[in-house]
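K.L.:
Structure provided below as structure tokens; questions to follow.
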Amino acid sequence: MAGPVSPQTCKKKLYTISWERTLYNPFVRKLVNESCGAFTSLQIKAGTDGQISSSELIKSSHQYRCIMNACIEDLNQAADLANSVESNQALQEMSEIFYKAELVWNLCEILYLENPLGILPHLLEWIRIHFPNAVEETGTVLASPNPGLHESYWKALYGLVFQLRLESATKLLRIHPDFQSEAFQSAYELLKKMPVFSANSTVSAPEFTFRWNHWKEECESRTQAGDFFESKDLELLLEILCGKEEAFEKVGDHFETWYQRMITQLTFTQPTIGTLSLGDEAEQFFASLIGLDDLTSLDATLLAVLRRDTRKVIGEMQGVLDNSWFTAHLADLLYHAGALQSFEDINSLQLRETLLRDYSICLFSHQSLWSVGVLYLDHCPNVGSATLEHLLTRLPCQSEMKATKIISLAERRKLTSVVTSVCRVMGRRALANRRLGAAVAWAVKAQDAPLATYAADAVLKSYLQDSDFTSTDLLDSLGAGLLASDRLAFLGKYREFHRLYNSNDFHSAAGLLISLISSRIAPKYFWTVLLMDALPLLETNPPVFTSEQTYELMQSLQELTSSFQDDAEINPHPNCQLNSDKTMLITLALSRNLAKCFVQQTVCD
Amino acid sequence: MVSVISTVDTGHEDMIHDAQMDYYGCRLATCSSDRSVRIYDVKNGTQTLAADLRGHEGPVWQIAWAHPKFGNILASCSYDHKVIIWKEMNGQWVKFYEYANHDSSVNSVCWAPHDYGLILACGSSDGSISILSATAAGGWEAKKINNAHTIGCNAVSWAPAIGPNAAFDSTTGSRSAPVKRFVSGGCDNLVKVWREDKEWVEEAKLEGHSDWVRDAAWAPSIGLSRTVIASCSQDRRVILWTNDGVSSSWNQRVLHTFEDVVWHVSWSVTGNILAVSGGDNKVSLWKETVEGQWVCISDVNRGKGSTPGQQ
């Protein structure tokens, strides 16, 4: 662009930039392909009316999470095998990102898809899945020669209790050397008796609360009675069971994350907490434990999920991830669950469509993932088709196979402009590479008359050059396609003439030749060739040309000699040039044939 | 989020003014003050020089690839008052046509949508815009809009061939013939929309910039009724002009006021991302959120005063 430029400019370099690279990683490839399968089967289940049961949605959600977990596994394996520190780090980072994504997805699944009654058991399950350390720790303790006296014994026990793995906890308690003491027996009994709230239980929430309060009172009264005086560790266990804030302060370092601790604390303080109060509870908890100034994007996302603020969840995830895989699939799932409705000004369909489209565009930027992208655009009712039209025509078709693939995808979606455009480009390329038969075929498919004429002329010229038709089988299979242009139709007929002639069907060949000239379908530059083709037929006895047909040929010869330069080229091929020798030869043959015709007629008469 | 995936050492001997990927993103063309146009084959992130086109006698400002259905054709424009159309024939790049009917520097070239045939718009510092059309006989025909922009025209960009309402018109059966339109920007601080109505007429005059308009880009249509034009200016602003496809009025909205002059605006293939480059040596990418807000999704700052041109 004209204008002043800064003097210190670095002049010679260009930079190619890109983003959303994660999805192009070979180890993430499976995730892209498999999630597409999950996505399409979800759309089929939802059908056109979008009705789908929540159990089906949960099944889909599980499927997505399995895919993510498999991807994490693959990335971790690849990281272990990586041959450089950088690639190991990059793979680990990616795995980390998918871990977080799966964590958020799982929480979304609970909050949006599961039964909102009795949310806490689900949340605890979420913690159990993502923080298996309590079980691992127990394993280490049990594997040691003297588990009851292992230094991590209590940590392991508390860990099991935090996740309400009560059966394991009581088992662990039993192997303590002091298990037979009164204090241990009492604690053991209380643990065994602990009422556990589950989403599927037949016990109603008020009834559960009643039982739970009763149990808690018993825990407190036994503690006050000094049942556990002899063991600090048991005392702490009881304080935890009673949901005492101070107890959690003491074991604060047993928790890796705030949400792990929050859910444990809620389990022992408000086990029947409802979904509606969860958001506020979480925010307060976070503010007092960590402080809102230190909010990471993962924290912000989790808080948003707990508050069921869909817009924020999607916004945050867009910021965290370098690709739109997550937001597209999650938004689609939430859309089907009716959970995208919480937006004021934009309708949920529009939001889903935008996110699906973004994801698809990202796939289209990759040399082979683009075909997956097509399937997502099919579910964008407003802009999908137009976007696909743009993207498909922009795909470089290096091979006929790819062109055919693009065309069939476009045809199935009635994107005729894409079909035409691809065929034209392929036709032109075939012409440039002198693959004339293919050029004709592409031109026919594109229904591009000028290109078809151009290609047919090229075939005729190459025939003049080599006295042979190249790629004839391709030409012969065109059938009705030959009608794409007059020149092409002529080419087809001229081929037929050769066939008839070669099979000694001279009468039909002669008839066809005449019709080619008289109908003016033959380009004038080719007339000389046709007249020369007529020569051997004129020499036959009895004659194959009737006297009328012979007159027809004479007339065209006349026309040629009088106004030859009509559409003549600057440098016509010698075969197309009508010189005096040829004129003589043809004239002679014509008169001889006419004579034979008269003789024959006279005989017949 | 954005990473540099490769660096191309172009070998140009002076400042690069434009870089354009071809229709498929398989070839890259660059032009420079060193009077040359260079073409690279791009494969797996690496570029190899395929041609070095010499023919201009001054800095080459802009280049434009024609649609591949016409073969491999590239147009370039220069300070030397000329527009050159280059064509690859049997593997060799040759001068296909040279247009020298401007009285001053030609600043911008843009090919019309391929549906119209091979048509090129050229904007010049002489204030006029030329529209060159390839004829059936193999020649070229030129139409000229004189005094399109006082002091000079800096940018031209064609509207997509599919009318804004095409997606919803399918019920009416016959698609009305699309109207040829393009937008231009100039030193009169104006952005103008032109329509072909036998002759080229000024359809809209968009007043919003307070200094020279450096570039204007018509967004690709994706089936929605709305049509969008982005323009940028010496006044450091990028303005988005929207038309609802029904009325004749254009609504303006400032995308952002930048730290320095804004040189270029360029849309992605599907029109969902706008790339902006400016005198502060930065390229930024902008995307419309679902709420209709335009947000910067990335900043690329390659320091050292370079102005990478991307598409």
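Ordering of the structure tokens sets the chain letters (A, B, ...); residue numbers start at 1 within each chain; ligands are numbered from 1 in the order shown.
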Would you list the contacts of stretch 56-60 of chain B as a ChimeraX atom specification, taking every protein, DNA or RNA residue within 7 Å and counting only C-alpha atoms, but skipping same-chain residues closer than 2 positions in sequence?
P.N.:
/B:31-36,54,62,76-80
K.L.:
Which polymer residues have any atom within 9 Å of an atom of stretch 106-113 of chain B, counting only C-alpha atoms, with same-chain residues fewer than 3 positions away left out, as JSON, numbers by chain?
P.N.:
{"A": [1, 2], "B": [60, 61, 62, 63, 64, 65, 66, 67, 75, 76, 77, 78, 79, 80, 81, 82, 83, 102, 103, 116, 117, 118, 119, 120, 121, 122, 123, 124, 125, 126, 152, 153, 154, 155, 156, 157, 158, 159, 160, 161, 180, 181, 182, 215]}
K.L.:
Based on the selection just made, write N, CA and C atoms of those residues as a compact mmCIF listing (two decimals), in the first residue's frame.
P.N.:
```
# COMPACT_ATOMS: atom_id res chain seq x y z
N MET A 1 0.84 -1.19 0.00
CA MET A 1 0.00 0.00 0.00
C MET A 1 0.88 1.24 0.00
N ALA A 2 0.47 2.23 -0.74
CA ALA A 2 1.26 3.45 -0.83
C ALA A 2 1.27 4.17 0.51
N VAL B 60 5.77 -2.35 -5.98
CA VAL B 60 4.51 -3.05 -6.26
C VAL B 60 3.70 -3.06 -4.96
N TRP B 61 2.51 -2.48 -5.02
CA TRP B 61 1.72 -2.28 -3.80
C TRP B 61 0.84 -3.45 -3.42
N GLN B 62 0.20 -4.01 -4.42
CA GLN B 62 -0.77 -5.05 -4.07
C GLN B 62 -0.85 -6.11 -5.16
N ILE B 63 -1.27 -7.31 -4.76
CA ILE B 63 -1.44 -8.42 -5.69
C ILE B 63 -2.78 -9.09 -5.42
N ALA B 64 -3.31 -9.77 -6.42
CA ALA B 64 -4.58 -10.46 -6.23
C ALA B 64 -4.62 -11.71 -7.12
N TRP B 65 -5.04 -12.83 -6.54
CA TRP B 65 -5.16 -14.09 -7.28
C TRP B 65 -6.55 -14.18 -7.90
N ALA B 66 -6.62 -14.63 -9.14
CA ALA B 66 -7.93 -14.88 -9.75
C ALA B 66 -8.39 -16.28 -9.35
N HIS B 67 -9.67 -16.55 -9.58
CA HIS B 67 -10.21 -17.87 -9.26
C HIS B 67 -9.52 -18.95 -10.12
N ALA B 75 -2.83 -10.73 -10.48
CA ALA B 75 -2.76 -9.33 -10.89
C ALA B 75 -1.89 -8.56 -9.91
N SER B 76 -1.14 -7.60 -10.43
CA SER B 76 -0.33 -6.78 -9.53
C SER B 76 -0.45 -5.32 -9.95
N CYS B 77 -0.28 -4.41 -9.00
CA CYS B 77 -0.37 -2.99 -9.33
C CYS B 77 0.79 -2.25 -8.68
N SER B 78 1.17 -1.16 -9.30
CA SER B 78 2.42 -0.54 -8.88
C SER B 78 2.39 0.98 -8.94
N TYR B 79 3.40 1.53 -8.31
CA TYR B 79 3.66 2.97 -8.34
C TYR B 79 3.92 3.45 -9.77
N ASP B 80 4.32 2.51 -10.65
CA ASP B 80 4.65 2.87 -12.03
C ASP B 80 3.41 3.11 -12.90
N HIS B 81 2.25 3.29 -12.27
CA HIS B 81 0.96 3.57 -12.95
C HIS B 81 0.38 2.35 -13.65
N LYS B 82 1.03 1.20 -13.51
CA LYS B 82 0.59 0.04 -14.30
C LYS B 82 -0.07 -1.06 -13.46
N VAL B 83 -0.92 -1.78 -14.18
CA VAL B 83 -1.47 -3.01 -13.62
C VAL B 83 -0.98 -4.12 -14.54
N HIS B 102 -3.64 4.54 -16.23
CA HIS B 102 -3.83 5.41 -15.06
C HIS B 102 -2.74 6.47 -15.08
N ASP B 103 -3.07 7.64 -14.50
CA ASP B 103 -2.13 8.75 -14.54
C ASP B 103 -1.27 8.83 -13.28
N TYR B 116 -18.89 -13.82 -12.31
CA TYR B 116 -19.05 -12.75 -13.31
C TYR B 116 -18.07 -12.89 -14.48
N GLY B 117 -17.14 -13.80 -14.36
CA GLY B 117 -16.07 -13.90 -15.36
C GLY B 117 -14.82 -13.25 -14.80
N LEU B 118 -13.86 -13.05 -15.68
CA LEU B 118 -12.57 -12.52 -15.24
C LEU B 118 -12.64 -10.99 -15.27
N ILE B 119 -12.91 -10.39 -14.12
CA ILE B 119 -13.06 -8.93 -14.03
C ILE B 119 -12.19 -8.41 -12.89
N LEU B 120 -11.45 -7.36 -13.18
CA LEU B 120 -10.54 -6.80 -12.18
C LEU B 120 -10.85 -5.33 -11.93
N ALA B 121 -10.92 -4.95 -10.65
CA ALA B 121 -11.08 -3.54 -10.30
C ALA B 121 -9.73 -3.01 -9.84
N CYS B 122 -9.40 -1.78 -10.27
CA CYS B 122 -8.10 -1.19 -9.91
C CYS B 122 -8.34 0.22 -9.41
N GLY B 123 -7.80 0.53 -8.24
CA GLY B 123 -7.95 1.87 -7.67
C GLY B 123 -6.63 2.61 -7.73
N SER B 124 -6.69 3.89 -8.15
CA SER B 124 -5.44 4.61 -8.38
C SER B 124 -5.38 5.95 -7.65
N SER B 125 -4.16 6.43 -7.47
CA SER B 125 -3.95 7.74 -6.85
C SER B 125 -4.44 8.87 -7.74
N ASP B 126 -4.73 8.58 -9.02
CA ASP B 126 -5.29 9.62 -9.88
C ASP B 126 -6.79 9.82 -9.59
N GLY B 152 -7.26 10.55 -4.50
CA GLY B 152 -6.80 9.19 -4.76
C GLY B 152 -7.65 8.10 -4.14
N CYS B 153 -7.60 6.94 -4.82
CA CYS B 153 -8.32 5.78 -4.31
C CYS B 153 -7.28 4.79 -3.78
N ASN B 154 -7.49 4.31 -2.58
CA ASN B 154 -6.50 3.43 -1.96
C ASN B 154 -6.89 1.96 -1.95
N ALA B 155 -8.18 1.70 -2.06
CA ALA B 155 -8.60 0.30 -1.90
C ALA B 155 -9.87 0.00 -2.67
N VAL B 156 -9.92 -1.21 -3.21
CA VAL B 156 -11.15 -1.70 -3.85
C VAL B 156 -11.40 -3.13 -3.38
N SER B 157 -12.67 -3.47 -3.18
CA SER B 157 -13.02 -4.83 -2.75
C SER B 157 -14.43 -5.16 -3.22
N TRP B 158 -14.58 -6.31 -3.88
CA TRP B 158 -15.86 -6.70 -4.46
C TRP B 158 -16.82 -7.29 -3.45
N ALA B 159 -18.10 -7.07 -3.70
CA ALA B 159 -19.13 -7.72 -2.89
C ALA B 159 -19.27 -9.15 -3.37
N PRO B 160 -19.65 -10.08 -2.49
CA PRO B 160 -19.86 -11.46 -2.94
C PRO B 160 -20.96 -11.52 -4.00
N ALA B 161 -20.87 -12.51 -4.89
CA ALA B 161 -21.80 -12.59 -6.02
C ALA B 161 -23.21 -12.97 -5.58
N LYS B 180 -23.69 -6.50 -9.62
CA LYS B 180 -22.26 -6.33 -9.33
C LYS B 180 -22.06 -5.10 -8.45
N ARG B 181 -21.34 -5.31 -7.37
CA ARG B 181 -21.05 -4.19 -6.47
C ARG B 181 -19.60 -4.29 -6.00
N PHE B 182 -19.02 -3.15 -5.69
CA PHE B 182 -17.75 -3.20 -4.94
C PHE B 182 -17.65 -1.97 -4.06
N ASP B 215 -7.84 1.00 3.64
CA ASP B 215 -8.27 -0.28 3.08
C ASP B 215 -9.76 -0.47 3.36
```
K.L.:
Might you pull out every residue within 9 Å of B:Ala148, with only C-alpha atoms counted and same-chain residues fewer than 6 positions away left off, and present them as JSON, numbers by chain?
P.N.:
{"B": [123, 127, 128, 129, 184, 186, 192, 202]}
K.L.:
Which of stretch 9-204 of chain A end up as strand (DSSP E or B) when DSSP is run on this backbone - answer as a ChimeraX atom specification?
P.N.:
/A:13-19
K.L.:
I'd like the neighbourhood of stretch 166-175 of chain A as a ChimeraX atom specification, where a residue qualifies if any of its atoms comes within 6 Å (using only C-alpha atoms), though same-chain residues fewer than 2 positions away should be ignored.
P.N.:
/A:148,157,160,164,179
K.L.:
When the cut-off is 7 Å and we count only C-alpha atoms, which residues of chain B are near chain A, given as a ChimeraX atom specification?
P.N.:
/B:1-17,23-24,61-62,68-69,71,107,222-224,269-270,290-291,304-306,308-309
K.L.:
Would you mind exporting C-alpha atoms of the selected residues as a tab-separated table (two decimals), in the first residue's frame?
P.N.:
```tsv
chain	number	residue	atom	x	y	z
B	1	MET	CA	-3.56	-19.28	21.48
B	2	VAL	CA	-1.90	-18.10	18.31
B	3	SER	CA	1.45	-19.50	17.39
B	4	VAL	CA	3.86	-18.71	14.61
B	5	ILE	CA	4.17	-21.90	12.59
B	6	SER	CA	6.70	-20.78	10.07
B	7	THR	CA	8.80	-17.88	8.95
B	8	VAL	CA	9.33	-17.21	5.28
B	9	ASP	CA	12.53	-15.53	4.22
B	10	THR	CA	11.21	-13.99	1.05
B	11	GLY	CA	14.46	-12.82	-0.41
B	12	HIS	CA	12.89	-9.49	-1.33
B	13	GLU	CA	15.42	-6.70	-1.34
B	14	ASP	CA	13.10	-4.09	0.06
B	15	MET	CA	9.91	-3.72	2.03
B	16	ILE	CA	7.09	-6.18	1.38
B	17	HIS	CA	3.74	-4.50	0.81
B	23	TYR	CA	-7.68	-19.60	-3.54
B	24	TYR	CA	-6.64	-22.89	-1.99
B	61	TRP	CA	1.72	-2.28	-3.80
B	62	GLN	CA	-0.77	-5.05	-4.07
B	68	PRO	CA	-8.48	-21.13	-10.28
B	69	LYS	CA	-11.18	-21.96	-12.83
B	71	GLY	CA	-6.12	-21.04	-14.54
B	107	ASN	CA	-2.77	1.22	-5.21
B	222	ILE	CA	-22.68	-16.83	4.45
B	223	GLY	CA	-26.33	-16.87	3.61
B	224	LEU	CA	-27.46	-14.29	6.11
B	269	VAL	CA	-12.90	-17.29	4.01
B	270	THR	CA	-16.14	-17.62	5.92
B	290	VAL	CA	-22.59	-14.64	19.94
B	291	GLU	CA	-23.71	-11.48	21.66
B	304	LYS	CA	11.53	-5.57	15.37
B	305	GLY	CA	9.27	-3.39	13.29
B	306	SER	CA	8.07	-6.02	10.89
B	308	PRO	CA	3.65	-9.38	8.62
B	309	GLY	CA	0.84	-9.61	6.16
```
K.L.:
List the neighbours of A:Lys312 out to 12 Å using only C-alpha atoms; skip same-chain residues closer than 2 positions along the sequence, and give me the result as a ChimeraX atom specification.
P.N.:
/A:297-310,314-319,327,340,342-343
K.L.:
Neighbouring residues of stretch 251-258 of chain B were defined as those with any atom within 12 Å, considering only C-alpha atoms; residues of the same chain fewer than 3 positions away were excluded. Please report them as a ChimeraX atom specification.
P.N.:
/B:191,204-209,226-245,247-248,261-263,265,274-288,292-296
K.L.:
Just the number, please: distance in Å from atom CA of A:Ser503 to atom CA of A:Leu537, one decimal.
P.N.:
13.3 Å
K.L.:
Pick out the closest residue to B:Val94 from this set: B:His114, B:Val179, B:Leu132, B:Ala51. Count only C-alpha atoms.
P.N.:
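Using only C-alpha atoms, B:Val94 sits closest to B:Ala51.
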